[in-house]
file run13.cif (mmCIF, C-alpha atoms and all ligand atoms)
data_work
loop_
_atom_site.label_atom_id
_atom_site.label_comp_id
_atom_site.auth_asym_id
_atom_site.auth_seq_id
_atom_site.Cartn_x
_atom_site.Cartn_y
_atom_site.Cartn_z
CA MET A 1 -26.39 51.74 -117.25
CA THR A 2 -23.49 49.35 -116.65
CA ILE A 3 -22.00 46.55 -118.69
CA TYR A 4 -20.67 43.49 -116.87
CA ARG A 5 -18.11 41.50 -118.83
CA ALA A 6 -17.81 37.89 -117.62
CA THR A 7 -18.04 34.19 -118.26
CA VAL A 8 -21.72 33.70 -117.45
CA LEU A 9 -23.17 30.34 -116.44
CA ASP A 10 -26.86 29.80 -115.74
CA THR A 11 -29.66 27.28 -116.22
CA PRO A 12 -32.74 29.01 -117.64
CA VAL A 13 -34.98 25.91 -117.78
CA ASP A 14 -37.94 24.47 -115.91
CA GLU A 15 -38.25 21.16 -114.04
CA ARG A 16 -39.11 19.07 -117.05
CA ALA A 17 -35.96 19.99 -118.97
CA VAL A 18 -33.58 19.69 -116.04
CA TRP A 19 -34.61 16.14 -115.17
CA GLU A 20 -34.87 15.00 -118.79
CA ARG A 21 -31.45 16.27 -119.83
CA PRO A 22 -28.38 16.12 -117.60
CA ASP A 23 -26.66 19.12 -119.15
CA VAL A 24 -28.83 22.20 -119.18
CA LEU A 25 -26.02 24.64 -118.63
CA ARG A 26 -26.04 27.85 -120.67
CA VAL A 27 -22.48 29.02 -121.15
CA GLU A 28 -21.39 32.39 -122.50
CA SER A 29 -17.64 32.70 -122.35
CA ASP A 30 -16.93 36.35 -122.99
CA ALA A 31 -20.36 37.80 -122.42
CA ALA A 32 -21.62 41.28 -121.84
CA ILE A 33 -24.61 41.79 -119.59
CA VAL A 34 -26.10 45.25 -119.88
CA VAL A 35 -27.85 46.29 -116.67
CA ARG A 36 -30.33 49.14 -116.67
CA ASP A 37 -32.47 50.07 -113.65
CA GLY A 38 -31.30 46.92 -111.87
CA ARG A 39 -32.39 44.58 -114.68
CA VAL A 40 -30.67 42.65 -117.41
CA ALA A 41 -31.53 44.84 -120.39
CA GLU A 42 -29.39 42.99 -122.95
CA ARG A 43 -26.89 40.17 -123.03
CA GLY A 44 -24.70 38.68 -125.71
CA PRO A 45 -21.13 38.33 -126.96
CA TRP A 46 -18.89 41.10 -125.58
CA THR A 47 -17.59 42.15 -128.98
CA ASP A 48 -21.11 42.66 -130.40
CA ILE A 49 -22.45 44.58 -127.44
CA ARG A 50 -19.34 46.69 -126.95
CA ALA A 51 -19.40 47.68 -130.63
CA ARG A 52 -22.90 49.06 -130.12
CA ARG A 53 -22.16 50.60 -126.71
CA PRO A 54 -18.61 51.90 -126.80
CA ARG A 55 -19.00 54.49 -124.05
CA GLU A 56 -20.92 52.71 -121.27
CA ASP A 57 -19.21 51.89 -117.96
CA VAL A 58 -17.74 48.40 -117.84
CA VAL A 59 -17.19 46.18 -114.82
CA ASP A 60 -14.60 43.57 -115.73
CA LEU A 61 -15.43 40.22 -114.11
CA ARG A 62 -13.52 38.03 -116.55
CA GLU A 63 -11.61 36.13 -113.89
CA GLY A 64 -13.73 33.32 -112.48
CA VAL A 65 -17.43 32.91 -113.34
CA LEU A 66 -20.61 34.90 -112.92
CA LEU A 67 -23.64 32.93 -111.68
CA PRO A 68 -27.22 33.90 -110.86
CA GLY A 69 -27.79 34.75 -107.19
CA PHE A 70 -28.57 31.69 -105.09
CA VAL A 71 -32.06 31.08 -103.76
CA ASP A 72 -32.36 29.53 -100.30
CA ALA A 73 -35.75 27.85 -99.89
CA HIS A 74 -35.39 27.23 -96.16
CA ALA A 75 -33.52 29.13 -93.43
CA HIS A 76 -34.16 30.35 -89.87
CA ALA A 77 -33.35 33.98 -89.14
CA ALA A 78 -33.09 33.39 -85.41
CA GLN A 79 -30.67 30.47 -85.57
CA VAL A 80 -27.53 31.94 -87.10
CA HIS A 81 -25.78 31.92 -83.73
CA VAL A 82 -26.25 28.17 -83.25
CA LEU A 83 -24.37 27.39 -86.46
CA GLY A 84 -21.46 25.04 -85.93
CA ARG A 85 -22.80 23.26 -82.86
CA PRO A 86 -22.30 19.48 -82.96
CA GLY A 87 -24.83 17.40 -84.85
CA MET A 88 -27.45 15.55 -82.78
CA PRO A 89 -30.95 14.15 -83.34
CA LEU A 90 -33.68 16.69 -84.06
CA PRO A 91 -35.55 16.61 -80.69
CA GLN A 92 -32.30 17.01 -78.74
CA TRP A 93 -31.04 19.71 -81.09
CA LEU A 94 -34.27 21.67 -80.72
CA GLU A 95 -34.18 21.40 -76.94
CA GLU A 96 -30.49 22.07 -76.41
CA CYS A 97 -29.55 24.39 -79.28
CA ALA A 98 -32.31 26.00 -81.31
CA LEU A 99 -35.04 26.81 -78.81
CA PRO A 100 -32.79 28.31 -76.07
CA GLU A 101 -31.17 30.52 -78.70
CA GLU A 102 -34.53 31.61 -80.07
CA GLU A 103 -35.67 32.47 -76.53
CA ARG A 104 -32.79 34.93 -76.28
CA HIS A 105 -34.53 37.01 -78.91
CA VAL A 106 -36.99 38.44 -76.40
CA ASP A 107 -34.07 40.79 -75.88
CA VAL A 108 -34.38 42.99 -78.94
CA ARG A 109 -30.61 43.64 -79.00
CA ALA A 110 -29.95 39.91 -79.41
CA ALA A 111 -32.59 39.83 -82.14
CA HIS A 112 -30.95 42.73 -83.98
CA ALA A 113 -27.48 41.21 -83.78
CA ALA A 114 -28.73 37.84 -85.03
CA ALA A 115 -30.78 39.46 -87.81
CA HIS A 116 -27.76 41.35 -89.05
CA ASP A 117 -25.51 38.29 -88.89
CA ALA A 118 -28.09 36.15 -90.67
CA VAL A 119 -28.42 38.61 -93.56
CA ALA A 120 -24.66 39.20 -93.81
CA THR A 121 -23.94 35.44 -93.70
CA MET A 122 -26.42 34.68 -96.45
CA LEU A 123 -25.29 37.47 -98.74
CA ALA A 124 -21.61 36.65 -98.24
CA ALA A 125 -22.37 33.08 -99.32
CA GLY A 126 -24.06 34.33 -102.49
CA THR A 127 -27.66 33.94 -101.36
CA THR A 128 -29.70 36.79 -102.82
CA THR A 129 -33.24 35.48 -102.24
CA ALA A 130 -34.53 33.45 -99.30
CA LEU A 131 -37.63 31.96 -97.74
CA VAL A 132 -37.05 32.48 -94.04
CA PHE A 133 -38.59 31.42 -90.74
CA GLY A 134 -38.56 34.57 -88.61
CA SER A 135 -38.26 34.66 -84.87
CA HIS A 136 -41.32 33.62 -82.84
CA LEU A 137 -41.60 37.20 -81.67
CA ALA A 138 -43.04 39.60 -84.21
CA ALA A 139 -40.73 42.45 -83.19
CA ALA A 140 -37.66 40.27 -83.68
CA THR A 141 -38.97 39.09 -87.07
CA GLU A 142 -39.34 42.71 -88.02
CA ALA A 143 -35.70 43.32 -87.05
CA PHE A 144 -34.80 40.63 -89.58
CA LEU A 145 -36.96 42.20 -92.28
CA ASP A 146 -35.29 45.55 -91.63
CA ALA A 147 -31.83 43.98 -91.84
CA ALA A 148 -32.77 42.21 -95.08
CA VAL A 149 -34.04 45.42 -96.68
CA ALA A 150 -30.95 47.33 -95.54
CA GLY A 151 -28.60 44.60 -96.79
CA GLY A 152 -30.37 44.08 -100.12
CA LEU A 153 -31.49 40.48 -99.50
CA ARG A 154 -34.85 39.56 -101.06
CA VAL A 155 -36.90 37.78 -98.43
CA THR A 156 -40.19 36.04 -97.98
CA ALA A 157 -40.57 35.69 -94.22
CA GLY A 158 -42.90 35.87 -91.26
CA PRO A 159 -42.90 35.08 -87.57
CA THR A 160 -42.60 31.40 -86.69
CA LEU A 161 -45.85 30.35 -85.02
CA ALA A 162 -46.30 27.85 -82.18
CA ASP A 163 -48.86 27.55 -79.40
CA ARG A 164 -47.53 24.38 -77.74
CA GLY A 165 -44.46 22.15 -77.55
CA VAL A 166 -42.00 25.05 -77.29
CA PRO A 167 -40.95 27.05 -74.21
CA PRO A 168 -43.69 29.46 -72.97
CA THR A 169 -41.68 32.53 -74.03
CA LEU A 170 -41.98 31.44 -77.65
CA ARG A 171 -45.69 30.62 -77.63
CA VAL A 172 -48.41 32.89 -78.91
CA THR A 173 -52.13 32.22 -78.83
CA PRO A 174 -53.88 31.74 -82.17
CA ALA A 175 -55.72 35.05 -81.61
CA GLN A 176 -52.43 36.86 -81.00
CA ALA A 177 -50.85 35.21 -84.06
CA LEU A 178 -53.75 36.40 -86.19
CA ALA A 179 -53.66 39.97 -84.89
CA GLU A 180 -49.87 40.32 -85.10
CA GLY A 181 -49.71 38.57 -88.46
CA ARG A 182 -52.40 40.78 -89.93
CA ASP A 183 -50.56 43.86 -88.71
CA LEU A 184 -47.12 42.81 -89.98
CA LEU A 185 -48.48 41.56 -93.29
CA GLY A 186 -50.40 44.79 -93.80
CA ARG A 187 -47.32 46.90 -93.20
CA ARG A 188 -44.60 44.85 -94.91
CA HIS A 189 -45.97 42.47 -97.55
CA GLY A 190 -45.11 43.62 -101.08
CA ARG A 191 -42.94 46.54 -99.93
CA ASP A 192 -39.17 46.99 -100.30
CA GLY A 193 -38.79 43.51 -101.80
CA VAL A 194 -40.29 41.84 -98.72
CA ARG A 195 -43.05 39.27 -99.01
CA TYR A 196 -44.93 37.77 -96.11
CA ALA A 197 -44.80 34.08 -95.25
CA VAL A 198 -47.12 32.20 -92.92
CA VAL A 199 -44.87 29.93 -90.87
CA PRO A 200 -46.33 27.33 -88.52
CA ARG A 201 -43.18 25.87 -86.91
CA PHE A 202 -44.36 22.30 -87.49
CA ALA A 203 -47.49 20.34 -86.65
CA PRO A 204 -46.21 19.14 -83.23
CA ALA A 205 -45.95 22.79 -82.11
CA CYS A 206 -49.35 23.90 -83.47
CA THR A 207 -52.88 23.09 -82.40
CA ASP A 208 -55.65 22.86 -84.96
CA ASP A 209 -56.70 26.35 -83.91
CA MET A 210 -53.26 27.70 -84.79
CA LEU A 211 -53.22 25.91 -88.15
CA ALA A 212 -56.66 27.39 -88.86
CA VAL A 213 -55.22 30.86 -88.15
CA CYS A 214 -52.41 30.07 -90.59
CA ALA A 215 -55.00 29.30 -93.25
CA GLU A 216 -56.70 32.60 -92.54
CA LEU A 217 -53.45 34.58 -92.71
CA GLN A 218 -52.36 33.07 -96.02
CA GLY A 219 -55.62 34.25 -97.59
CA LEU A 220 -55.17 37.89 -96.58
CA ALA A 221 -53.26 39.01 -99.67
CA PRO A 222 -52.09 37.66 -103.03
CA GLY A 223 -48.53 36.39 -103.09
CA VAL A 224 -48.39 35.34 -99.44
CA TRP A 225 -46.32 32.15 -99.09
CA THR A 226 -46.75 29.32 -96.55
CA THR A 227 -43.88 27.24 -95.23
CA THR A 228 -43.25 24.70 -92.51
CA HIS A 229 -41.40 21.46 -91.73
CA VAL A 230 -42.60 17.96 -92.63
CA ASN A 231 -41.39 14.37 -92.27
CA GLU A 232 -37.91 15.29 -91.09
CA ALA A 233 -37.22 12.73 -88.38
CA PRO A 234 -38.84 9.50 -87.11
CA ASP A 235 -39.58 10.84 -83.57
CA GLU A 236 -41.28 13.90 -84.97
CA ILE A 237 -43.43 11.76 -87.29
CA ALA A 238 -44.49 9.50 -84.39
CA GLN A 239 -45.44 12.60 -82.40
CA VAL A 240 -47.65 13.86 -85.24
CA ARG A 241 -49.39 10.47 -85.37
CA GLU A 242 -50.20 10.76 -81.64
CA LEU A 243 -51.27 14.40 -81.74
CA PHE A 244 -53.43 14.10 -84.87
CA PRO A 245 -54.86 10.55 -84.75
CA GLY A 246 -57.68 11.42 -87.15
CA ASP A 247 -55.40 12.39 -90.04
CA PRO A 248 -54.12 9.84 -92.53
CA HIS A 249 -50.54 11.12 -92.35
CA TYR A 250 -48.32 14.15 -91.60
CA VAL A 251 -48.96 15.97 -94.88
CA GLY A 252 -52.66 15.28 -94.31
CA VAL A 253 -52.65 17.46 -91.17
CA TYR A 254 -51.55 20.48 -93.18
CA ASP A 255 -53.78 19.53 -96.09
CA ARG A 256 -56.88 19.40 -93.88
CA HIS A 257 -56.22 23.06 -93.09
CA GLY A 258 -55.70 24.03 -96.73
CA LEU A 259 -52.00 24.73 -96.23
CA VAL A 260 -50.77 22.51 -99.07
CA HIS A 261 -50.86 24.39 -102.37
CA GLU A 262 -48.79 26.03 -105.10
CA ARG A 263 -47.51 28.71 -102.78
CA SER A 264 -46.35 26.37 -100.02
CA VAL A 265 -42.89 24.96 -99.37
CA PHE A 266 -42.29 22.03 -97.02
CA ALA A 267 -38.82 21.64 -95.56
CA HIS A 268 -37.08 18.26 -95.37
CA SER A 269 -39.59 15.56 -96.50
CA VAL A 270 -36.97 12.90 -95.75
CA HIS A 271 -39.46 10.14 -94.84
CA PRO A 272 -42.62 10.68 -96.91
CA GLY A 273 -45.15 7.97 -97.65
CA ARG A 274 -46.36 7.54 -101.23
CA ALA A 275 -49.79 8.93 -100.34
CA GLU A 276 -48.11 12.05 -98.91
CA LEU A 277 -46.10 12.59 -102.07
CA ASP A 278 -49.28 12.22 -104.10
CA VAL A 279 -50.96 14.95 -102.06
CA LEU A 280 -47.96 17.29 -102.42
CA ALA A 281 -47.88 16.66 -106.18
CA ALA A 282 -51.63 17.05 -106.67
CA ARG A 283 -51.61 20.38 -104.86
CA GLY A 284 -48.49 21.67 -106.63
CA ALA A 285 -46.62 22.19 -103.35
CA ARG A 286 -42.81 22.06 -103.26
CA VAL A 287 -40.26 20.70 -100.88
CA ALA A 288 -37.03 22.27 -99.67
CA HIS A 289 -34.26 19.69 -99.55
CA CYS A 290 -31.81 20.62 -96.77
CA PRO A 291 -28.96 18.14 -97.17
CA THR A 292 -26.36 19.47 -94.72
CA SER A 293 -29.00 19.67 -92.00
CA ASN A 294 -30.28 16.18 -92.75
CA VAL A 295 -26.76 14.83 -92.47
CA ARG A 296 -25.79 16.79 -89.34
CA LEU A 297 -28.98 15.85 -87.47
CA GLY A 298 -28.83 12.29 -88.82
CA SER A 299 -32.34 12.75 -90.23
CA GLY A 300 -31.72 10.55 -93.28
CA LEU A 301 -31.08 10.56 -97.01
CA PHE A 302 -33.53 12.69 -98.99
CA PRO A 303 -35.35 10.44 -101.49
CA LEU A 304 -35.12 12.73 -104.51
CA ARG A 305 -35.99 9.95 -106.96
CA ARG A 306 -39.26 9.20 -105.13
CA HIS A 307 -40.19 12.89 -105.18
CA LEU A 308 -39.47 13.17 -108.89
CA ASP A 309 -41.33 9.95 -109.70
CA ALA A 310 -44.36 11.25 -107.83
CA GLY A 311 -44.15 14.65 -109.54
CA VAL A 312 -43.11 16.61 -106.45
CA ARG A 313 -40.78 19.48 -107.20
CA ALA A 314 -37.78 20.27 -105.00
CA ALA A 315 -35.50 23.21 -104.26
CA LEU A 316 -32.56 23.58 -101.86
CA GLY A 317 -32.44 25.03 -98.36
CA SER A 318 -29.56 25.79 -96.02
CA ASP A 319 -31.67 25.21 -92.89
CA ILE A 320 -29.50 27.71 -91.02
CA GLY A 321 -28.78 26.88 -88.17
CA ALA A 322 -29.12 23.06 -88.22
CA GLY A 323 -27.30 23.00 -91.54
CA ALA A 324 -23.65 23.73 -92.18
CA GLY A 325 -24.58 27.35 -92.84
CA LEU A 326 -22.16 27.91 -95.67
CA GLY A 327 -24.74 28.65 -98.27
CA LEU A 328 -26.19 27.01 -101.32
CA LEU A 329 -22.92 25.80 -102.84
CA ALA A 330 -22.37 23.69 -99.72
CA GLU A 331 -25.96 22.42 -99.95
CA ALA A 332 -25.49 21.58 -103.61
CA ARG A 333 -22.36 19.51 -103.04
CA GLU A 334 -23.98 17.73 -100.09
CA ALA A 335 -27.07 17.04 -102.20
CA ALA A 336 -24.85 15.34 -104.77
CA ALA A 337 -23.14 13.29 -102.04
CA VAL A 338 -26.50 12.20 -100.61
CA GLN A 339 -27.63 10.98 -104.04
CA GLN A 340 -24.36 9.06 -104.40
CA LEU A 341 -25.11 7.33 -101.11
CA SER A 342 -28.63 6.47 -102.20
CA SER A 343 -27.41 3.33 -104.02
CA ASP A 344 -29.58 2.33 -107.00
CA ASP A 345 -32.09 5.02 -106.32
CA GLY A 346 -29.80 8.06 -106.47
CA VAL A 347 -30.36 10.77 -109.05
CA THR A 348 -27.25 11.90 -110.92
CA LEU A 349 -26.70 15.50 -109.93
CA THR A 350 -24.51 16.98 -112.63
CA PRO A 351 -22.92 20.42 -112.08
CA ALA A 352 -25.67 21.93 -114.25
CA ARG A 353 -28.42 20.32 -112.16
CA LEU A 354 -26.74 21.47 -108.97
CA LEU A 355 -26.59 25.05 -110.23
CA TRP A 356 -30.24 24.77 -111.24
CA LEU A 357 -31.17 23.52 -107.76
CA ALA A 358 -29.30 26.41 -106.14
CA THR A 359 -30.86 29.05 -108.39
CA ARG A 360 -33.82 28.45 -110.70
CA ALA A 361 -35.45 25.73 -108.56
CA GLY A 362 -35.64 28.12 -105.63
CA ALA A 363 -37.01 30.91 -107.78
CA LEU A 364 -39.76 28.56 -109.00
CA ALA A 365 -40.49 27.37 -105.45
CA LEU A 366 -40.83 30.94 -104.23
CA GLY A 367 -42.71 32.16 -107.29
CA GLU A 368 -39.99 34.78 -107.78
CA GLU A 369 -40.31 35.69 -111.46
CA GLU A 370 -37.49 38.20 -111.33
CA VAL A 371 -34.67 35.88 -110.33
CA GLY A 372 -33.21 32.40 -110.93
CA ASP A 373 -31.14 33.03 -114.05
CA LEU A 374 -29.52 35.92 -115.89
CA SER A 375 -31.85 36.15 -118.88
CA VAL A 376 -32.89 39.47 -120.35
CA GLY A 377 -35.68 40.96 -118.24
CA ARG A 378 -34.61 39.39 -114.93
CA SER A 379 -33.22 41.37 -112.06
CA PHE A 380 -29.43 41.54 -112.01
CA ASP A 381 -29.04 39.32 -108.92
CA ALA A 382 -25.65 37.73 -109.44
CA VAL A 383 -22.72 36.06 -107.74
CA TRP A 384 -19.17 36.49 -108.93
CA VAL A 385 -17.03 33.52 -107.97
CA ARG A 386 -13.40 34.52 -108.33
CA PRO A 387 -11.03 32.35 -106.32
CA ALA A 388 -8.14 34.09 -104.61
CA GLU A 389 -5.15 34.59 -106.87
CA GLY A 390 -2.71 31.72 -106.56
CA SER A 391 -5.25 29.44 -104.83
CA LEU A 392 -5.70 25.84 -105.89
CA LEU A 393 -9.24 26.56 -107.11
CA ALA A 394 -7.94 29.42 -109.27
CA ARG A 395 -5.43 27.05 -110.89
CA LEU A 396 -8.06 24.35 -111.38
CA LEU A 397 -10.40 26.82 -113.06
CA ALA A 398 -7.62 28.06 -115.31
CA HIS A 399 -7.08 24.48 -116.53
CA ALA A 400 -10.68 23.26 -116.53
CA ASP A 401 -11.69 21.02 -119.45
CA ASP A 402 -14.79 23.08 -120.15
CA ALA A 403 -17.45 25.17 -118.43
CA THR A 404 -19.17 22.15 -116.90
CA ASP A 405 -15.89 21.00 -115.39
CA ALA A 406 -15.22 24.51 -114.07
CA LEU A 407 -18.69 24.68 -112.53
CA GLY A 408 -18.19 21.28 -110.92
CA ARG A 409 -14.96 22.53 -109.31
CA VAL A 410 -16.69 25.69 -108.10
CA VAL A 411 -19.61 23.79 -106.56
CA THR A 412 -17.30 21.34 -104.85
CA LEU A 413 -14.51 23.62 -103.69
CA ALA A 414 -15.66 27.25 -103.46
CA GLY A 415 -16.27 28.83 -100.08
CA ALA A 416 -17.40 32.29 -99.02
CA ALA A 417 -13.81 33.57 -99.46
CA ASP A 418 -14.09 32.82 -103.18
CA ILE A 419 -17.22 34.91 -103.57
CA ALA A 420 -15.80 38.21 -104.70
CA GLY A 421 -19.00 40.07 -105.42
CA VAL A 422 -22.77 39.79 -105.02
CA TRP A 423 -25.42 42.02 -106.60
CA THR A 424 -29.15 42.31 -106.05
CA ARG A 425 -31.34 44.51 -108.24
CA GLY A 426 -28.17 45.72 -109.92
CA ALA A 427 -26.63 47.06 -106.69
CA ARG A 428 -23.49 45.54 -105.28
CA VAL A 429 -24.31 44.18 -101.82
CA VAL A 430 -21.07 42.26 -101.18
CA PRO A 431 -18.56 43.39 -100.16
CA THR A 432 -20.44 46.54 -99.14
CA CYS A 433 -22.44 45.05 -96.23
CA ALA A 434 -21.88 47.11 -93.05
CA GLU A 435 -20.00 45.53 -90.17
CA PRO A 436 -22.26 43.62 -87.77
CA PRO A 437 -22.96 45.14 -84.37
CA GLY A 438 -21.46 43.29 -81.38
CA ARG A 439 -23.48 40.41 -79.96
N1 LIG A 501 -38.60 21.23 -86.81
C1 LIG A 501 -39.19 22.14 -85.99
N2 LIG A 501 -38.39 23.18 -85.78
C2 LIG A 501 -37.26 22.95 -86.48
C3 LIG A 501 -36.05 23.68 -86.67
O1 LIG A 501 -35.85 24.76 -86.14
N3 LIG A 501 -35.09 23.10 -87.44
C4 LIG A 501 -35.29 21.91 -88.05
N4 LIG A 501 -34.31 21.41 -88.82
N5 LIG A 501 -36.40 21.20 -87.88
C5 LIG A 501 -37.38 21.71 -87.11
ZN ZN A 502 -35.79 24.26 -90.54
#
call {"tool": "encode", "arguments": {"input": "run13.cif", "output": "structure tokens", "more": "lines below"}}
Ligand code: GUN
Ligand code: ZN
result
Amino acid sequence: MTIYRATVLDTPVDERAVWERPDVLRVESDAAIVVRDGRVAERGPWTDIRARRPREDVVDLREGVLLPGFVDAHAHAAQVHVLGRPGMPLPQWLEECALPEEERHVDVRAAHAAAHDAVATMLAAGTTTALVFGSHLAAATEAFLDAAVAGGLRVTAGPTLADRGVPPTLRVTPAQALAEGRDLLGRRHGRDGVRYAVVPRFAPACTDDMLAVCAELQGLAPGVWTTTHVNEAPDEIAQVRELFPGDPHYVGVYDRHGLVHERSVFAHSVHPGRAELDVLAARGARVAHCPTSNVRLGSGLFPLRRHLDAGVRAALGSDIGAGAGLGLLAEAREAAAVQQLSSDDGVTLTPARLLWLATRAGALALGEEEVGDLSVGRSFDAVWVRPAEGSLLARLLAHADDATDALGRVVTLAGAADIAGVWTRGARVVPTCAEPPGR
């Protein structure tokens, strides 16, 4: 048993509360969190808890703030090495950056190196749970699952599936996807904190036969998640219209195959029609808003207000590697900027709402009951933001007006260097991550 002493900020509320009230931040200034068997066993004022537990080990995290681990609702395991390339429109970026890199993963050494870097990058940025597109190749996806388990990252992931519209090395037949998916799911789903996700890359890269296989795979076990891209860029949407002329719209393609439901997450949704939002809402599906990616690829401004008005729930995704790749704090500040640019329609994203989007929203989107805030009973998955001594952020935090102001400064200014510790299931995973192997 260990007691963590810290200023703890979290947002233990559901969608209704966060959009009805701008300030849903729970603040405990000198709190004690008692962790037993990886879980928050008790929490409360330090003086009360210490009086009852005078002999337990204490980890002093009083400098800075302790936040719940971040939940990334959309990332690509095989794209970490394209991070930082210049922004360009989606079709060009896929052709010139993403797909050539993903083809390199036929070499299992490249897959291992990328898997390790992806896990280390996410953890170092404070991401403790993620919904991840694996490599197209099952063996390379498995390298990522292994790296995630070794590093302590909670993942829901599966091989990315495509049977057209990508280079031949990345294609699998629907029959192969079914056989390999069944095998991987049978061996890994529900073990070591790994859950399986069915991941059609996007409708332009999947025939109806492949989407039918996806439907079959998602029914193989309880708790299997489904994720893909939708309505990201105008060219992609036009392509879907041509390839699926019988469907009313893009979301309708997935819906016809039964892929839109409470356990599915659709990345981007930058250009949805009202009928598409109604389908997403009626089925209880969620979207992953990936603001740095949308800005870098020039995809557009995410219409959060229209999603909320239609009853569609959103979380945040880094979209590594089209995004900026710096984790959920970077996504949160970009999300706020995008809403500012959305003129009359923008939703005010207060620091509390941004923290909620980076934590609890993702937990809800992934159906992860154990994470999302630091309430009693949850797993101790936490991020300690402690800016370097003498840094500007440290001085700003020391003179913050209140906890909301401090959180706003952290969201806007903190980088990976300010993340001094990360825990999952009560075990410290940063800075203990092993050095990555050479590329
Ligand atoms: N659509 C299909 N594949 C991808 C991808 O890898 N990244 C993004 N941002 N959009 C996609
Ligand atoms: Zn993506």
call {"tool": "residues_near_point", "arguments": {"input": "run13.cif", "point": "(-22.5, 42.6, -121.5)", "cutoff": "10 Å", "atoms": "all atoms listed in the file", "output": "PyMOL selection string"}}
result
chain A and resi 2-6+8+30-35+40-50+53+58-60
call {"tool": "residues_near_ligand", "arguments": {"input": "run13.cif", "ligand": "ligand LIG 501 (chain A)", "cutoff": "7 Å", "atoms": "only C-alpha atoms and all ligand atoms", "output": "list in words"}}
result
His76, Leu90, Leu94, Ala98, Arg201, Phe202, His229, Glu232, Ser293, Asp319 and Ala322 of chain A
call {"tool": "atom_distance", "arguments": {"input": "run13.cif", "atom1": "atom CA of Val108 of chain A", "atom2": "atom CA of Leu170 of chain A"}}
result
13.9 Å
call {"tool": "residues_around", "arguments": {"input": "run13.cif", "residues": "segment 376-393 of chain A", "least_positions_apart": "4", "cutoff": "8 Å", "atoms": "only C-alpha atoms", "output": "JSON, numbers by chain"}}
result
{"A": [35, 38, 39, 40, 41, 42, 43, 61, 63, 64, 65, 66, 67, 68, 69, 70, 126, 128, 369, 370, 371, 397, 409, 410, 413, 414, 417, 418, 419, 420, 421, 422, 423, 424, 425, 426]}
call {"tool": "write_last_selection", "arguments": {"input": "run13.cif", "atoms": "C-alpha atoms", "output": "mmCIF file, in the coordinates of the input"}}
result
data_model
loop_
_atom_site.group_PDB
_atom_site.id
_atom_site.type_symbol
_atom_site.label_atom_id
_atom_site.label_comp_id
_atom_site.auth_asym_id
_atom_site.auth_seq_id
_atom_site.Cartn_x
_atom_site.Cartn_y
_atom_site.Cartn_z
ATOM 1 C CA VAL A 35 -27.850 46.290 -116.670
ATOM 2 C CA GLY A 38 -31.300 46.920 -111.870
ATOM 3 C CA ARG A 39 -32.390 44.580 -114.680
ATOM 4 C CA VAL A 40 -30.670 42.650 -117.410
ATOM 5 C CA ALA A 41 -31.530 44.840 -120.390
ATOM 6 C CA GLU A 42 -29.390 42.990 -122.950
ATOM 7 C CA ARG A 43 -26.890 40.170 -123.030
ATOM 8 C CA LEU A 61 -15.430 40.220 -114.110
ATOM 9 C CA GLU A 63 -11.610 36.130 -113.890
ATOM 10 C CA GLY A 64 -13.730 33.320 -112.480
ATOM 11 C CA VAL A 65 -17.430 32.910 -113.340
ATOM 12 C CA LEU A 66 -20.610 34.900 -112.920
ATOM 13 C CA LEU A 67 -23.640 32.930 -111.680
ATOM 14 C CA PRO A 68 -27.220 33.900 -110.860
ATOM 15 C CA GLY A 69 -27.790 34.750 -107.190
ATOM 16 C CA PHE A 70 -28.570 31.690 -105.090
ATOM 17 C CA GLY A 126 -24.060 34.330 -102.490
ATOM 18 C CA THR A 128 -29.700 36.790 -102.820
ATOM 19 C CA GLU A 369 -40.310 35.690 -111.460
ATOM 20 C CA GLU A 370 -37.490 38.200 -111.330
ATOM 21 C CA VAL A 371 -34.670 35.880 -110.330
ATOM 22 C CA LEU A 397 -10.400 26.820 -113.060
ATOM 23 C CA ARG A 409 -14.960 22.530 -109.310
ATOM 24 C CA VAL A 410 -16.690 25.690 -108.100
ATOM 25 C CA LEU A 413 -14.510 23.620 -103.690
ATOM 26 C CA ALA A 414 -15.660 27.250 -103.460
ATOM 27 C CA ALA A 417 -13.810 33.570 -99.460
ATOM 28 C CA ASP A 418 -14.090 32.820 -103.180
ATOM 29 C CA ILE A 419 -17.220 34.910 -103.570
ATOM 30 C CA ALA A 420 -15.800 38.210 -104.700
ATOM 31 C CA GLY A 421 -19.000 40.070 -105.420
ATOM 32 C CA VAL A 422 -22.770 39.790 -105.020
ATOM 33 C CA TRP A 423 -25.420 42.020 -106.600
ATOM 34 C CA THR A 424 -29.150 42.310 -106.050
ATOM 35 C CA ARG A 425 -31.340 44.510 -108.240
ATOM 36 C CA GLY A 426 -28.170 45.720 -109.920
#
call {"tool": "closest_residue", "arguments": {"input": "run13.cif", "among": "A:Asp405, A:Asp23, A:Glu368, A:Asp14", "to": "Arg195 of chain A", "atoms": "only C-alpha atoms"}}
result
A:Glu368
call {"tool": "atom_distance", "arguments": {"input": "run13.cif", "atom1": "atom CA of Gly181 of chain A", "atom2": "atom CA of Arg263 of chain A"}}
result
17.5 Å
call {"tool": "closest_residue", "arguments": {"input": "run13.cif", "among": "A:Val279, A:Ala138, A:Ala310, A:Val287", "to": "ligand ZN 502 (chain A)", "atoms": "all atoms listed in the file"}}
result
A:Val287
